[in-house]
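Encoded as structure tokens, the structure appears first; notes follow it.
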Amino acid sequence: MKKQYTAEFKAQVVKEFLRERKTLSQLAAEYGVHQTVIADWRDIALKGLPGLFEKGRSDLEAERGVHDRQLGELYAEIGRLATQVSWLEKKSWHPR
């Protein structure tokens with residue numbers, strides 16, 4: 001089973017790596033994470049840095065867009081299901 005690490009753990013390891021006080025192999029041994037995984041985390045962190053300094057674009061706005069899209073999809077699904085239930089109720093009604 002693949003190990004999963006928290007974002008806080010990854011950030012801590014990357015910060016240690018960027019401080020350059022310990023070698024990559026020392027950090028890998030200390031944290032029990034393979035060297036290539038730490039290097040990948042560093043690359044991801046460095047790619048994301050410019051976004052932290054952009055004005056007007058925040059993670060909150062991106063999350064709001066995702067939330068609105070998901071909300072629309074859920075309302076559409078509710079509409080489809082309500083239509084199906086209504087149709088089934090009409091078809092299953094038997095006069096006595």
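Numbering starts fresh at 1 for the residues of each chain in the structure tokens, the chains themselves are lettered A, B, ... in the order given, and ligands are numbered from 1 as they appear.
Every protein or nucleic acid residue with an atom no more than 12 Å from Tyr31 (chain A), counting only C-alpha atoms and leaving out same-chain residues fewer than 4 positions away, appears here: Tyr5, Phe9, Lys10, Gln12, Val13, Val14, Glu16, Phe17, Lys22, Leu24, Ser25, Gln26, Leu27, Gln35, Val37 and Ile38 of chain A.
What separates CA of Glu89 (chain A) from CA of Leu71 (chain A) is a distance of 26.7 Å.
The shortest atom-to-atom distance to Asp43 (chain A), with only C-alpha atoms taken into account, belongs to A:Leu18 out of A:Leu18, A:Lys2, A:Trp87, A:Glu77.
Proximity of A:Ala7, A:Val66, A:Ala82, A:Ala76 to Ala45 (chain A), computed with only C-alpha atoms, is greatest for A:Ala7.
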Taking the DSSP assignment computed from this structure's backbone, write out as a PDB file with C-alpha atoms, in the first residue's frame all residues of chain A that belong to alpha helix (DSSP H).
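File written: states-v2.pdb
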```pdb
ATOM      1  CA  ALA A   7       0.499  18.529   3.316  1.00  0.00           C
ATOM      2  CA  GLU A   8       2.055  19.787   6.537  1.00  0.00           C
ATOM      3  CA  PHE A   9       4.556  16.933   6.568  1.00  0.00           C
ATOM      4  CA  LYS A  10       5.495  17.526   2.942  1.00  0.00           C
ATOM      5  CA  ALA A  11       5.923  21.246   3.579  1.00  0.00           C
ATOM      6  CA  GLN A  12       8.153  20.568   6.595  1.00  0.00           C
ATOM      7  CA  VAL A  13      10.385  18.229   4.606  1.00  0.00           C
ATOM      8  CA  VAL A  14      10.640  20.666   1.683  1.00  0.00           C
ATOM      9  CA  LYS A  15      11.480  23.555   4.025  1.00  0.00           C
ATOM     10  CA  GLU A  16      14.261  21.482   5.549  1.00  0.00           C
ATOM     11  CA  PHE A  17      15.537  20.624   2.082  1.00  0.00           C
ATOM     12  CA  LEU A  18      15.510  24.255   0.921  1.00  0.00           C
ATOM     13  CA  ARG A  19      17.460  25.374   3.991  1.00  0.00           C
ATOM     14  CA  LEU A  24      18.979  14.978   0.433  1.00  0.00           C
ATOM     15  CA  SER A  25      20.086  11.540   1.604  1.00  0.00           C
ATOM     16  CA  GLN A  26      20.179  12.706   5.230  1.00  0.00           C
ATOM     17  CA  LEU A  27      16.636  14.069   4.977  1.00  0.00           C
ATOM     18  CA  ALA A  28      15.447  10.891   3.288  1.00  0.00           C
ATOM     19  CA  ALA A  29      16.864   8.786   6.102  1.00  0.00           C
ATOM     20  CA  GLU A  30      15.566  11.113   8.820  1.00  0.00           C
ATOM     21  CA  TYR A  31      11.993  11.314   7.525  1.00  0.00           C
ATOM     22  CA  GLN A  35      15.027  10.940  -2.144  1.00  0.00           C
ATOM     23  CA  THR A  36      13.125  11.194  -5.424  1.00  0.00           C
ATOM     24  CA  VAL A  37       9.875  11.796  -3.550  1.00  0.00           C
ATOM     25  CA  ILE A  38      11.450  14.691  -1.652  1.00  0.00           C
ATOM     26  CA  ALA A  39      12.843  16.100  -4.905  1.00  0.00           C
ATOM     27  CA  ASP A  40       9.374  15.832  -6.495  1.00  0.00           C
ATOM     28  CA  TRP A  41       7.821  17.664  -3.551  1.00  0.00           C
ATOM     29  CA  ARG A  42      10.447  20.397  -3.898  1.00  0.00           C
ATOM     30  CA  ASP A  43       9.663  20.778  -7.609  1.00  0.00           C
ATOM     31  CA  ILE A  44       5.928  21.023  -6.896  1.00  0.00           C
ATOM     32  CA  ALA A  45       6.558  23.652  -4.206  1.00  0.00           C
ATOM     33  CA  LEU A  46       8.806  25.718  -6.459  1.00  0.00           C
ATOM     34  CA  LYS A  47       6.282  25.594  -9.305  1.00  0.00           C
ATOM     35  CA  GLY A  48       3.559  26.870  -6.973  1.00  0.00           C
ATOM     36  CA  LEU A  49       5.554  29.764  -5.542  1.00  0.00           C
ATOM     37  CA  PRO A  50       4.759  32.342  -8.258  1.00  0.00           C
ATOM     38  CA  GLY A  51       1.044  31.838  -7.653  1.00  0.00           C
ATOM     39  CA  LEU A  52       1.469  32.970  -4.062  1.00  0.00           C
ATOM     40  CA  ASP A  59      -7.178  29.841  -3.964  1.00  0.00           C
ATOM     41  CA  LEU A  60     -10.493  30.956  -2.533  1.00  0.00           C
ATOM     42  CA  GLU A  61     -11.661  32.152  -5.946  1.00  0.00           C
ATOM     43  CA  ALA A  62     -10.594  28.879  -7.551  1.00  0.00           C
ATOM     44  CA  GLU A  63     -12.337  26.864  -4.855  1.00  0.00           C
ATOM     45  CA  ARG A  64     -15.470  28.979  -5.242  1.00  0.00           C
ATOM     46  CA  GLY A  65     -15.536  28.228  -8.966  1.00  0.00           C
ATOM     47  CA  VAL A  66     -15.166  24.504  -8.336  1.00  0.00           C
ATOM     48  CA  HIS A  67     -17.860  24.662  -5.665  1.00  0.00           C
ATOM     49  CA  ASP A  68     -20.282  26.508  -7.957  1.00  0.00           C
ATOM     50  CA  ARG A  69     -19.719  23.994 -10.759  1.00  0.00           C
ATOM     51  CA  GLN A  70     -20.275  21.053  -8.398  1.00  0.00           C
ATOM     52  CA  LEU A  71     -23.386  22.714  -6.997  1.00  0.00           C
ATOM     53  CA  GLY A  72     -24.816  23.127 -10.496  1.00  0.00           C
ATOM     54  CA  GLU A  73     -24.082  19.480 -11.295  1.00  0.00           C
ATOM     55  CA  LEU A  74     -25.760  18.355  -8.072  1.00  0.00           C
ATOM     56  CA  TYR A  75     -28.885  20.445  -8.732  1.00  0.00           C
ATOM     57  CA  ALA A  76     -29.051  18.988 -12.240  1.00  0.00           C
ATOM     58  CA  GLU A  77     -28.814  15.476 -10.783  1.00  0.00           C
ATOM     59  CA  ILE A  78     -31.556  16.291  -8.269  1.00  0.00           C
ATOM     60  CA  GLY A  79     -33.755  17.457 -11.139  1.00  0.00           C
ATOM     61  CA  ARG A  80     -33.138  14.248 -13.107  1.00  0.00           C
ATOM     62  CA  LEU A  81     -33.830  12.076 -10.075  1.00  0.00           C
ATOM     63  CA  ALA A  82     -36.991  13.996  -9.185  1.00  0.00           C
ATOM     64  CA  THR A  83     -38.245  13.496 -12.741  1.00  0.00           C
ATOM     65  CA  GLN A  84     -37.503   9.779 -12.558  1.00  0.00           C
ATOM     66  CA  VAL A  85     -39.283   9.426  -9.215  1.00  0.00           C
ATOM     67  CA  SER A  86     -42.296  11.276 -10.554  1.00  0.00           C
ATOM     68  CA  TRP A  87     -42.409   9.035 -13.635  1.00  0.00           C
ATOM     69  CA  LEU A  88     -42.061   5.892 -11.502  1.00  0.00           C
ATOM     70  CA  GLU A  89     -44.837   7.034  -9.186  1.00  0.00           C
ATOM     71  CA  LYS A  90     -47.167   7.553 -12.141  1.00  0.00           C
ATOM     72  CA  LYS A  91     -46.296   4.164 -13.654  1.00  0.00           C
ATOM     73  CA  SER A  92     -46.590   2.245 -10.385  1.00  0.00           C
TER      74      SER A  92
END
```
